[in-house]
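Undergrad: If you scroll down you'll find the structure; I have some questions about it.
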Amino acid sequence: MRTSTRIGFLASALAAAVWAQPLAGTEELRRTGDLAAQMVESIDAYLMRRLSEAPSRRVAPKPGDRGTLRRLLGLVDAPAAEVSLQFGAKVGQGHGFEILHVRWPALEGVEGEGLLLRPAKPKAFAVALPDADWTPEMLAGLAPGLPPEQQFARRLAESGCLVLVPALLDRSDEFSGKQGVRFTNQPHREFVYRMAYEMGRHIIGYELQKVFAAIGAGGKLPVGIFGYGEGGLLALHAAALDERIKTAVVSGYFGPREQVWSQPIYRNVWSQLLQFGDAELAALAAPREVIIEASPHPQVAGPPLERDGRRGAASGGISTPPVEAVRAEFQRAAGYRAGLKFIEGGPSSDETLAAFLGSLGLKPAPLGKVTSLQSAYEPKPRTKRLMDQMIEHTQRLVRRSEFERRKFPEALTKAGLKKMGEIAGPARDRFWGEVIGRMPEPEGSFVAQSRKLYDEPGFTGHEVLLPVWGDVFAYGILLIPRDMKPGERRAAVVAQHGLEGRPQHLIAPADERMDRVYGRLAAVLAQRGYVVFAPQNPYIGEEKFRALVRKSHPLKLTLFSFIAGQHARILEWLASLPFVDGGRIGFYGLSYGGKTAMRVPALLPRYALSICSADFNEWVWKVTSVDEPFSYMYTREYDMLEFDLGHTFNYAEMAALIAPRPFMVERGHRDGVGIDEWVAYEYAKVRRLYAFLGIPERTTIEFFNGPHQIHGQGTLEFLERHLKPR
């Protein structure tokens, strides 16, 4: 190697070594690759461990746990005052029984509907629950689709049972939307689930209410319930909750529930796996009999295909688990209680049918003939009726929910500025623990890792990695103004990107669109004298991050459970830096970063102020409305669902948790995430609270004539006024 070449190489190596020098007090960051993707993977690994450990952490259920289960399923509304079957036409005749169309009231505005198979002298009452894609007519032998031996409703009627067959909402998507607004490819069950979940209700709960309302139709007859597929899910939960049920068959459903995140999203139940796997539900039915039939499950590859503008459905399918896994879950249940039966075969095998009838004091009868007394039945009008009723019931809850939520800001106003902490503290604990989901505190002491990334005229920039929980870390870019004086402590701003964003998008984006959306916010703030930290939030990676949400919910967690913990660590580290004033750290986020601006500062009082850009909304309407095409009911953002948020904390109430700290909203007139009227309506509640507390100068909203982007005018003035950076 020539001397000049060798000297040039050594100089380059020395420059690279100096460039990579970590910040004082940190170790060198040596990790390479896509740190954002690695963050998502670390959270995924954490959740998979928690899911696999969940069964060993559960304990034997107690009768009092039924109250918790009822709340998680949304079984909290008053049932119909008087329930009686309303008989319609006689639609068929079987061997020793007639078949009638029936309906009955269940909830305000919600009816059950299906078939009643009525023998002359019934000896028992059975609720036969088909899979979601089986009609009552198929189960009664009036319509093609099932072999006679699987038509367990007519087999029970032939054996002396009075049989009620409720119609369940199916998995097609014909009515999943609104004429003149938009339609989706979401299964009917998912379309109802989405709006119901946000209001603390559930498609499972709605259909259980219909079952519970109908049980009284059997009078003093012994009651059994027999379900397959989605009907098996309902049968298991019904037996766990309703002591009137003497015996239950669960077919084509039972098994380990830790993979529920990969199944259709309408099976997701908030926090269920902390207490209730299938074994625990079976144990709650003790000492009554539960028969587990390990039969093939309904095969569901996924939602209906995207087509003709219909899209937005969550992924997820149903397949049959290995019989060994079903048996293992059965053994867990048997460890809690005696009296369970395990039958392999079916669905609705002769052995299962005989065991069910025997528990009711009956014996199987030979298969007879069923005659239809009507022309080919079209189930679609009934499906639409059932769906419309559940949608309207939920939308009624949405309209009424504001009156429940307003109690919190009213209590703050009554307490006044000096005592509002006595009200806000417990409310914050409720929001964090019951709605967002609370992770453990970040683990112990830590050493940050860093490396230099930017060397600009106005600032230097450093990649920073902060351990949070085991392998789960926080990551971002710290910008330090060059004009810092020795011993000086500056105000800091945490600048948060939106969906699929990265910290670099706020500093020096290569993408022109990102430059337009974010306006190089972090760089602008650093040039104005703020210390700036731009964190990487884990809503990146398309379906990979949305899978985190699916895995989190059954564990009583959300994506913001992790984000809040990461930001707690970020704040801890920023406050430890000798050039940061820990009492003057503000937050400014756009879009999904605006969602963060509403939730994280509400949870972490260490943030001195919050600015929500391009996200503030009448959030409950945004997530549940069927009347506006920009509603999340019509898009793929199922990661936005938060159980019972509608009755607890809309954006005005989140802002009330931020109060009395300064709070600002930035809103573009042409921002398609909502409309000005919704934003102004919700913000008016915030302005009123601050005014009633005597601090109106601490909040404001700026409308500007622009789209979904950082405007960076009134917000920068707001930061200057309340953080005073120099």
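Each chain in the structure tokens gets a letter, A, B, ..., in the order shown, and its residues are numbered from 1; ligands are numbered from 1 in order too.
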Can you list every residue in segment 354-496 of chain A that DSSP puts in alpha helix (DSSP H), as a PyMOL selection string?

TA: chain A and resi 354-359+380-405+407-430

Undergrad: List as a ChimeraX atom specification the protein and nucleic acid residues near Ser159 of chain A, meaning an atom at most 10 Å away when only C-alpha atoms are counted, but skip any in the same chain fewer than 6 places from it.

TA: /A:95-97,119,122-124,353-354,357,362-367

Undergrad: Counting only C-alpha atoms, which residue out of A:Gly361, A:Pro486, A:Pro457, A:Gly421 sits closest to Lys246 of chain A?

TA: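 Residue with the minimum atom-to-atom distance to Lys246 of chain A: A:Gly361.
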
Undergrad: Can you pull out the residues contacting Tyr592 of chain A? Cut-off 8 Å, using only C-alpha atoms, and skip same-chain residues under 5 positions away; I want them as a PDB file with N, CA and C atoms, in the first residue's frame.

TA:
```pdb
ATOM      1  N   HIS A 497     -43.561  11.016  15.378  1.00  0.00           N
ATOM      2  CA  HIS A 497     -44.025  10.722  14.022  1.00  0.00           C
ATOM      3  C   HIS A 497     -45.382  10.022  14.046  1.00  0.00           C
ATOM      4  N   GLY A 498     -45.957   9.830  12.851  1.00  0.00           N
ATOM      5  CA  GLY A 498     -47.239   9.156  12.709  1.00  0.00           C
ATOM      6  C   GLY A 498     -47.096   7.738  12.204  1.00  0.00           C
ATOM      7  N   LEU A 499     -48.201   7.201  11.675  1.00  0.00           N
ATOM      8  CA  LEU A 499     -48.269   5.811  11.211  1.00  0.00           C
ATOM      9  C   LEU A 499     -47.169   5.508  10.198  1.00  0.00           C
ATOM     10  N   ASP A 615     -55.016  14.874  14.582  1.00  0.00           N
ATOM     11  CA  ASP A 615     -55.661  13.681  15.130  1.00  0.00           C
ATOM     12  C   ASP A 615     -56.842  14.003  16.036  1.00  0.00           C
TER      13      ASP A 615
END
```

Undergrad: Hey, which bits of segment 257-309 of chain A sit within 9 Å of segment 633-652 of chain A, and for each residue what's the closest pair of atoms and how far apart in Å (one decimal), counting only C-alpha atoms, rows by chain and increasing number, as CSV?

TA:
```
residue,atom,partner,partner_atom,distance
A:Ile265,CA,A:Tyr638,CA,8.9
A:Val269,CA,A:Phe643,CA,8.9
A:Trp270,CA,A:Phe643,CA,6.7
```

Undergrad: Would you kindly return, as a PyMOL selection string, each protein, DNA or RNA residue with an atom no farther than 10 Å from any atom of segment 378-394 of chain A, considering only C-alpha atoms and excluding same-chain residues fewer than 2 positions away?

TA: chain A and resi 107-114+135-137+167-170+172+174-176+188-189+191-193+195-203+206-207+375-376+396-400+624+626

Undergrad: Ser349 of chain A: which residues within 12 Å, counting only C-alpha atoms, same-chain residues fewer than 5 positions away excluded, as a ChimeraX atom specification?

TA: /A:147-152,155,228,249,251-252,291-296,343-344,354-356,364

Undergrad: I need the residues from that last selection saved to file as a compact mmCIF listing (two decimals), in the first residue's frame (with C-alpha atoms), if you can.

TA:
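result.txt, freshly written:
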```txt
# COMPACT_ATOMS: atom_id res chain seq x y z
CA PRO A 147 -76.15 -34.45 6.42
CA PRO A 148 -79.08 -35.69 8.55
CA GLU A 149 -76.84 -37.00 11.33
CA GLN A 150 -75.43 -33.48 11.88
CA GLN A 151 -78.88 -31.86 12.07
CA PHE A 152 -78.79 -32.03 15.84
CA ARG A 155 -82.50 -35.13 16.29
CA TYR A 228 -71.17 -26.24 17.28
CA VAL A 249 -72.26 -29.77 24.60
CA SER A 251 -68.46 -29.08 19.75
CA GLY A 252 -66.03 -27.75 17.16
CA ILE A 291 -69.50 -32.51 27.27
CA ILE A 292 -66.51 -31.59 25.11
CA GLU A 293 -66.77 -33.01 21.61
CA ALA A 294 -63.38 -32.87 19.86
CA SER A 295 -64.75 -32.58 16.35
CA PRO A 296 -63.50 -30.73 13.26
CA ILE A 343 -65.76 -37.41 23.20
CA GLU A 344 -63.75 -37.55 20.01
CA ALA A 354 -76.75 -39.97 23.68
CA ALA A 355 -74.68 -38.39 26.49
CA PHE A 356 -76.50 -35.06 26.16
CA PRO A 364 -81.97 -40.93 21.19
```

Undergrad: With only C-alpha atoms as the atoms that count, which of A:Ile99, A:Ala120, A:Val679, A:Ala656 lies nearest to Ala153 of chain A?

TA: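 With only C-alpha atoms as the atom set, the closest residue is A:Ile99.
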
Undergrad: Identify, on the basis of only C-alpha atoms, every residue whose closest approach to Met439 of chain A does not exceed 12 Å; exclude the query and any residue fewer than 2 positions from it along the same chain; express the result as a list in words.

TA: Ile43, Tyr46, Leu47, Arg50, Trp432, Gly433, Glu434, Ile436, Gly437, Glu441, Pro442, Glu443, Val468, Trp469, Val472, Ser552, Leu555, Lys556, Leu557, Thr558, Leu559, Phe560, Ser561, Phe562, Ile563, Ala564, Gly565, Gln566 and Ala568 of chain A

Undergrad: Let's see if you can do this: from backbone DSSP, list all strand (DSSP E) residues in segment 547-704 of chain A, as a list in words.

TA: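 Selecting the strand (DSSP E) positions of segment 547-704 of chain A gives Val580, Asp581, Gly582, Gly583, Arg584, Ile585, Gly586, Phe587, Tyr588, Gly589, Leu590, Leu609, Ser610, Ile611, Cys612, Ser613, Phe663, Met664, Val665, Glu666, Arg667, Gly668, Thr699, Thr700, Ile701, Glu702, Phe703 and Phe704 of chain A.
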
Undergrad: Write out as a ChimeraX atom specification each polymer residue whose atoms come within 12 Å of Ala248 of chain A, counting only C-alpha atoms; drop sequence neighbours fewer than 2 positions from it.

TA: /A:125-129,222-228,231-246,250-251,281-282,285-293,339-341,352-353,355-360

Undergrad: Which residue, A:Leu274, A:Leu162, A:Leu305, A:Val211, has the smallest gap to Leu69 of chain A when you use only C-alpha atoms?

TA: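 For Leu69 of chain A, the nearest of the given residues is A:Leu274.
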
Undergrad: Of the candidates A:Leu723, A:Ile215, A:Val370, A:Ala132, which one gets nearest to His297 of chain A if we count only C-alpha atoms?

TA: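 For His297 of chain A, the nearest of the candidates is A:Ala132.
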
Undergrad: Atom CA of Glu618 of chain A to atom CA of Gln496 of chain A: how many Å, to one decimal?

TA: 21.3 Å

Undergrad: Could you jot down the atom CA of Val181 of chain A to atom CA of Tyr377 of chain A separation for me, Å, one decimal place?

TA: 29.7 Å

Undergrad: Can you tell me how far atom CA of Asp34 of chain A sits from atom CA of Val600 of chain A, in Å to one decimal?

TA: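 One can read the atom CA of Asp34 of chain A to atom CA of Val600 of chain A distance as 24.8 Å.
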
Undergrad: Using only C-alpha atoms, find the one residue out of A:Ile480, A:Ala411, A:Ala427, A:Ala602 that sits nearest to Val580 of chain A.

TA: A:Ile480

Undergrad: From the list A:Ala547, A:Leu146, A:Met484, A:Leu75, which residue is nearest Gly458 of chain A when using only C-alpha atoms?

TA: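 For Gly458 of chain A, the nearest of the candidates is A:Met484.
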
Undergrad: Report as a Markdown table: every residue of segment 535-640 of chain A with an atom at most 12 Å from segment 510-524 of chain A, its closest pair of atoms, and their distance in Å to one decimal, counting only C-alpha atoms, with rows sorted by chain and ascending residue number.

TA:
```
| residue | atom | partner | partner_atom | distance |
| --- | --- | --- | --- | --- |
| A:Pro535 | CA | A:Ala522 | CA | 10.6 |
| A:Phe587 | CA | A:Ala522 | CA | 11.4 |
| A:Tyr588 | CA | A:Leu521 | CA | 9.2 |
| A:Gly589 | CA | A:Tyr518 | CA | 9.7 |
| A:Leu590 | CA | A:Tyr518 | CA | 7.8 |
| A:Ser591 | CA | A:Val517 | CA | 10.0 |
| A:Gly593 | CA | A:Tyr518 | CA | 11.1 |
| A:Ser613 | CA | A:Tyr518 | CA | 10.4 |
| A:Ala614 | CA | A:Val517 | CA | 10.2 |
```
